[in-house]
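Asks: There's a structure below that I have some questions on.
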Amino acid sequence: MQKGTDTVLEQTLKTGETSVVSEPRAAFPNDPMMPGIPLAVDPTAMQAMFSAELLRVSGAEYRIRECRLLRIRYRPREHCFVHYELDLVSVKTGPCEAVWLTGIIYPDERPRRRLKKLLAACIEEPASEGWHAFGPAFYLPAPHMLVQAFPCDRRLPSLPGIVSGMAAELEAGLVQTLGAGGWKITRQDIQTARYRALSGAVLRFSVEALEERNCQRKTQRSYVKVGRAGEGAREALLLQTLHAQAQATTQAFTFTRPVTYLEELSALIVEEAPGVSFEQAILDGDDIETASRKAAHGLAAFHLWSVQPPAAADAVIARTKVAGQYVSWACPALLGDVQAIADVAAAALARTQLRPAHLDLKPDHMFLDGERIVFIDLDTFGAADPVLDVATMLARLRAMPLRFGALPEHVELAARVFTEEYFAKVPRHWQSRLEINHAVAALQVASEFFRHQHPDWRDLVPAWILRARQAADASSW
């Protein structure tokens, strides 16, 4: 791509103005079809409304110490989901566990209509801390919002029973993780590892069990992935196939082993990945060079693997466009830059030779187990440009100081060693595609800063889009 004059973004940053919203009426958070969005994304206003609801339901038993926005999912003129975390204090017991609420806004009457169904679905489920305070769900008229309290989720109806450990089918599945024998679970600890409202959840189960015939005791940890109906079955089959093929051919990498898929609960049980995550190795600062070298070698071997997954280039392009839409909504003045990045990326990604790729690679999606790498979260696995995995990893590495407080020098060392070692193991011409994939990855990270409501997103989004535009301009495409 030929470089031209400075973009709107570059001109703005040169003047020291990082607020690039030039058309307030079109900018986040305005949508004339859903006028309640400005309230929904104002944590101060929402804390006041949640406090009023809390007083109505629970009297003076609880109060809210803080309300935080965790995540936004938005589709113009269709819906807006806002995920909140509340710090509650009980007058009887003191601080409570954090409570998650999800606000759901539609441009029609669905928020009111769906409340009754949601309450009916949760009526026999054991109450969580949030339910004791708010009940499973309620309606707020000012933002025209249906609010569901975790683990109540209208698209994940089995979640309350799984979170409480009361789902009957779950125990039989967890027993399978213990191996042969007449095991009986005597104790279990359940922690929510990840929750994406109306999309999916991952729960970490630590169980203690007794083999009754020989009085043997065992402690086992596994993960339960709860999704929409049918989604887990596809992932279970994929993981089973990939794990078996990797083990049979003695690869430098493998995948977490699926234990069983529980169709009644739409839940997939997988073994815990052995070793330590690449992310944790960087945060700990222990032998980062060795960790980065192993990660690079494992990823290169994965990309050179002989399997032929379904083509996913179109899905990558679609996700890139969605990321651009979030950025354009948040900062309308970046629309031209976003469009330029998306156009160049689409042309490049559509022509590239396809290889196996993770397509959502993060430092916590790779585990170091001796000399072998273990990949987790293969939901997006497919055939695409493998260099996108490298660029995505590098972008998320460089976001670690902002997101997790990692030391910049540790991150830079990891990124340098990872890049050098990876490109020493793959065909030389692959490195020529790194810049355009840097652009795609930087656009994705920019959208994540906004969607996850990083406190500095108004500064970070334009800075990362500038990085993406520069990478796109520098690429041979």
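By order in the structure tokens, chains are A, B, ...; within a chain, residues start at 1; ligands start at 1, following the order shown.
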If we count only C-alpha atoms and set the cut-off at 12 Å, which residues sit around Leu388 of chain A, ignoring sequence neighbours fewer than 3 positions away in its own chain? Please answer as a JSON list (two decimals) with C-alpha atoms, in the first residue's frame.
Replies:
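Contents of result-v2.json, freshly written:
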```json
[["chain", "number", "residue", "atom", "x", "y", "z"],
["A", 299, "LEU", "CA", 3.62, -23.08, 17.71],
["A", 303, "HIS", "CA", 1.51, -24.57, 12.05],
["A", 312, "ALA", "CA", -11.47, -20.21, 8.39],
["A", 313, "ALA", "CA", -10.16, -17.20, 6.44],
["A", 316, "VAL", "CA", -11.15, -14.22, 10.41],
["A", 317, "ILE", "CA", -12.13, -11.45, 8.00],
["A", 320, "THR", "CA", -11.77, -8.26, 11.85],
["A", 345, "ALA", "CA", -6.31, -7.15, 5.73],
["A", 348, "ALA", "CA", -4.19, -10.31, 2.32],
["A", 349, "LEU", "CA", -6.02, -12.90, 4.41],
["A", 352, "THR", "CA", -2.70, -16.48, 1.86],
["A", 354, "LEU", "CA", -3.90, -21.79, 4.61],
["A", 355, "ARG", "CA", -2.36, -23.76, 7.45],
["A", 356, "PRO", "CA", -3.70, -25.01, 10.82],
["A", 357, "ALA", "CA", -4.13, -22.02, 13.13],
["A", 358, "HIS", "CA", -5.49, -21.39, 16.62],
["A", 359, "LEU", "CA", -6.94, -17.96, 15.67],
["A", 360, "ASP", "CA", -7.43, -16.74, 19.25],
["A", 361, "LEU", "CA", -3.92, -17.22, 20.57],
["A", 362, "LYS", "CA", -3.10, -15.60, 23.90],
["A", 382, "GLY", "CA", -9.29, -23.63, 11.48],
["A", 383, "ALA", "CA", -7.19, -23.18, 8.36],
["A", 384, "ALA", "CA", -5.98, -19.60, 7.90],
["A", 385, "ASP", "CA", -2.77, -17.58, 7.73],
["A", 391, "ALA", "CA", 0.94, -11.39, 15.41],
["A", 392, "THR", "CA", -1.94, -11.99, 17.83],
["A", 393, "MET", "CA", 0.42, -13.42, 20.42],
["A", 394, "LEU", "CA", 2.82, -10.47, 20.06],
["A", 395, "ALA", "CA", -0.01, -7.93, 20.34],
["A", 430, "TRP", "CA", 6.24, -16.25, 6.09],
["A", 431, "GLN", "CA", 7.89, -13.33, 7.86],
["A", 432, "SER", "CA", 6.92, -11.00, 5.01],
["A", 433, "ARG", "CA", 3.28, -11.35, 6.15],
["A", 434, "LEU", "CA", 3.94, -10.27, 9.73],
["A", 435, "GLU", "CA", 3.17, -6.56, 9.21],
["A", 436, "ILE", "CA", -0.32, -7.04, 7.75],
["A", 437, "ASN", "CA", -1.12, -9.52, 10.51],
["A", 438, "HIS", "CA", 0.23, -7.01, 13.05],
["A", 439, "ALA", "CA", -2.43, -4.64, 11.70],
["A", 440, "VAL", "CA", -5.20, -7.20, 12.20],
["A", 441, "ALA", "CA", -4.02, -8.07, 15.71],
["A", 442, "ALA", "CA", -3.63, -4.42, 16.78],
["A", 444, "GLN", "CA", -8.46, -6.58, 17.59]]
```
Asks: Using 10 Å as the limit and counting only C-alpha atoms, can you tabulate each residue of segment 328-411 of chain A that touches segment 28-36 of chain A, with its shortest atom-to-atom distance in Å and the two atoms involved, as a Markdown table?
Replies:
```
| residue | atom | partner | partner_atom | distance |
| --- | --- | --- | --- | --- |
| A:Ser328 | CA | A:Phe28 | CA | 8.8 |
| A:Trp329 | CA | A:Phe28 | CA | 5.5 |
| A:Ala330 | CA | A:Phe28 | CA | 4.7 |
| A:Cys331 | CA | A:Phe28 | CA | 7.1 |
| A:Pro332 | CA | A:Phe28 | CA | 8.3 |
```
Asks: Once you have the residues from the selection above, write them out as a PDB file, in the first residue's frame, restricted to N, CA and C atoms.
Replies:
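As written to disk, out-v6.pdb reads:
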```pdb
ATOM      1  N   SER A 328     -15.016   1.907  15.473  1.00  0.00           N
ATOM      2  CA  SER A 328     -15.675   3.018  14.787  1.00  0.00           C
ATOM      3  C   SER A 328     -16.823   3.570  15.618  1.00  0.00           C
ATOM      4  N   TRP A 329     -17.505   2.712  16.344  1.00  0.00           N
ATOM      5  CA  TRP A 329     -18.592   3.174  17.213  1.00  0.00           C
ATOM      6  C   TRP A 329     -18.017   3.984  18.370  1.00  0.00           C
ATOM      7  N   ALA A 330     -16.919   3.481  18.949  1.00  0.00           N
ATOM      8  CA  ALA A 330     -16.316   4.179  20.080  1.00  0.00           C
ATOM      9  C   ALA A 330     -15.701   5.506  19.666  1.00  0.00           C
ATOM     10  N   CYS A 331     -15.041   5.527  18.507  1.00  0.00           N
ATOM     11  CA  CYS A 331     -14.301   6.706  18.039  1.00  0.00           C
ATOM     12  C   CYS A 331     -14.598   6.923  16.558  1.00  0.00           C
ATOM     13  N   PRO A 332     -15.673   7.611  16.210  1.00  0.00           N
ATOM     14  CA  PRO A 332     -16.065   7.748  14.809  1.00  0.00           C
ATOM     15  C   PRO A 332     -15.002   8.369  13.913  1.00  0.00           C
TER      16      PRO A 332
END
```
Asks: Go through segment 153-254 of chain A and collect every residue that DSSP, computed from the backbone, puts in helix (DSSP H, G or I); the answer should be as a ChimeraX atom specification.
Replies: /A:159-164,168-178,231-248
Asks: Measuring atom to atom with only C-alpha atoms, identify which of A:Asp108, A:Glu212, A:Glu264, A:Asp459 is nearest to Ala168 of chain A.
Replies: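 Smallest separation from Ala168 of chain A among the options: A:Glu264.
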Asks: Taking only residues of segment 348-440 of chain A that have an atom at most 12 Å from an atom of segment 216-226 of chain A, what is each one's shortest atom pair and its distance in Å to one decimal, using only C-alpha atoms, in chain and number order, as CSV?
Replies:
```
residue,atom,partner,partner_atom,distance
A:Ile376,CA,A:Tyr223,CA,11.1
A:Asp377,CA,A:Lys225,CA,9.9
A:Asp379,CA,A:Lys225,CA,11.1
```
Asks: Take the residues from that selection and write them out as an mmCIF file, in the first residue's frame, keeping N, CA and C atoms.
Replies:
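result_25.cif written:
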```cif
data_model
loop_
_atom_site.group_PDB
_atom_site.id
_atom_site.type_symbol
_atom_site.label_atom_id
_atom_site.label_comp_id
_atom_site.auth_asym_id
_atom_site.auth_seq_id
_atom_site.Cartn_x
_atom_site.Cartn_y
_atom_site.Cartn_z
ATOM 1 N N ILE A 376 -4.968 -24.764 24.647
ATOM 2 C CA ILE A 376 -6.327 -24.824 25.172
ATOM 3 C C ILE A 376 -7.213 -23.867 24.379
ATOM 4 N N ASP A 377 -8.522 -23.990 24.592
ATOM 5 C CA ASP A 377 -9.520 -23.105 23.955
ATOM 6 C C ASP A 377 -9.386 -23.091 22.437
ATOM 7 N N ASP A 379 -11.799 -23.174 20.263
ATOM 8 C CA ASP A 379 -13.108 -22.860 19.676
ATOM 9 C C ASP A 379 -12.994 -22.298 18.265
#
```
Asks: Quick one: residues within 7 Å of segment 90-94 of chain A, only C-alpha atoms counted, chain neighbours fewer than 3 positions away excluded, as a PyMOL selection string?
Replies: chain A and resi 61-63
Asks: Could you save the residues just selected, with C-alpha atoms, as a short mmCIF file (atom, residue, chain, number, x, y, z; two decimals), in the first residue's frame?
Replies:
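Contents of part.cif, freshly written:
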```cif
data_model
loop_
_atom_site.label_atom_id
_atom_site.label_comp_id
_atom_site.auth_asym_id
_atom_site.auth_seq_id
_atom_site.Cartn_x
_atom_site.Cartn_y
_atom_site.Cartn_z
CA GLU A 61 -29.37 -5.76 54.28
CA TYR A 62 -26.90 -4.96 51.47
CA ARG A 63 -25.23 -1.91 50.02
#
```
Asks: So which residues touch Arg112 of chain A within 8 Å, counting only C-alpha atoms, skipping near sequence neighbours fewer than 3 positions away, as a ChimeraX atom specification?
Replies: /A:109,115-116,139,145-146
Asks: Quick one: pull the distance between atom CA of Arg196 of chain A and atom CA of Gln240 of chain A, Å, one decimal.
Replies: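 Atom CA of Gln240 of chain A lies 24.4 Å from atom CA of Arg196 of chain A.
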Asks: Excluding Val163 of chain A and its own-chain neighbours fewer than 2 positions away, which residues fall within 8 Å of it when counting only C-alpha atoms? Please give them as a tab-separated table (two decimals) with C-alpha atoms, in the first residue's frame.
Replies:
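part_23.tsv written:
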```tsv
chain	number	residue	atom	x	y	z
A	151	PRO	CA	-25.54	-17.48	37.24
A	159	LEU	CA	-25.56	-22.73	34.40
A	160	PRO	CA	-27.21	-22.23	37.85
A	161	GLY	CA	-27.27	-25.96	38.54
A	165	GLY	CA	-22.75	-28.29	41.91
A	166	MET	CA	-26.31	-29.61	42.18
A	190	ILE	CA	-16.18	-24.71	42.24
A	192	THR	CA	-15.76	-19.51	37.88
A	203	LEU	CA	-15.79	-23.35	35.69
```
Asks: Looking at A:Arg257, A:Asp343, A:Leu237, A:Ala414, which one is nearest to Lys321 of chain A, with distances taken over only C-alpha atoms?
Replies: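 Nearest candidate to Lys321 of chain A out of A:Arg257, A:Asp343, A:Leu237, A:Ala414: A:Asp343.
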Asks: Closest to Gln325 of chain A among A:Ile104, A:Ala133, A:Ala350, A:Val338, using only C-alpha atoms?
Replies: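 Of all the options, A:Val338 lies closest to Gln325 of chain A.
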Asks: Would you list, as number ranges by chain, the residues of segment 65-313 of chain A that end up in strand (DSSP E) under DSSP run on this structure's backbone?
Replies: A: 65-75, 79-90, 94-95, 99-105, 137-140, 145-149, 183-196, 200-211, 216-227, 253-255, 258-262, 267-271, 276-277
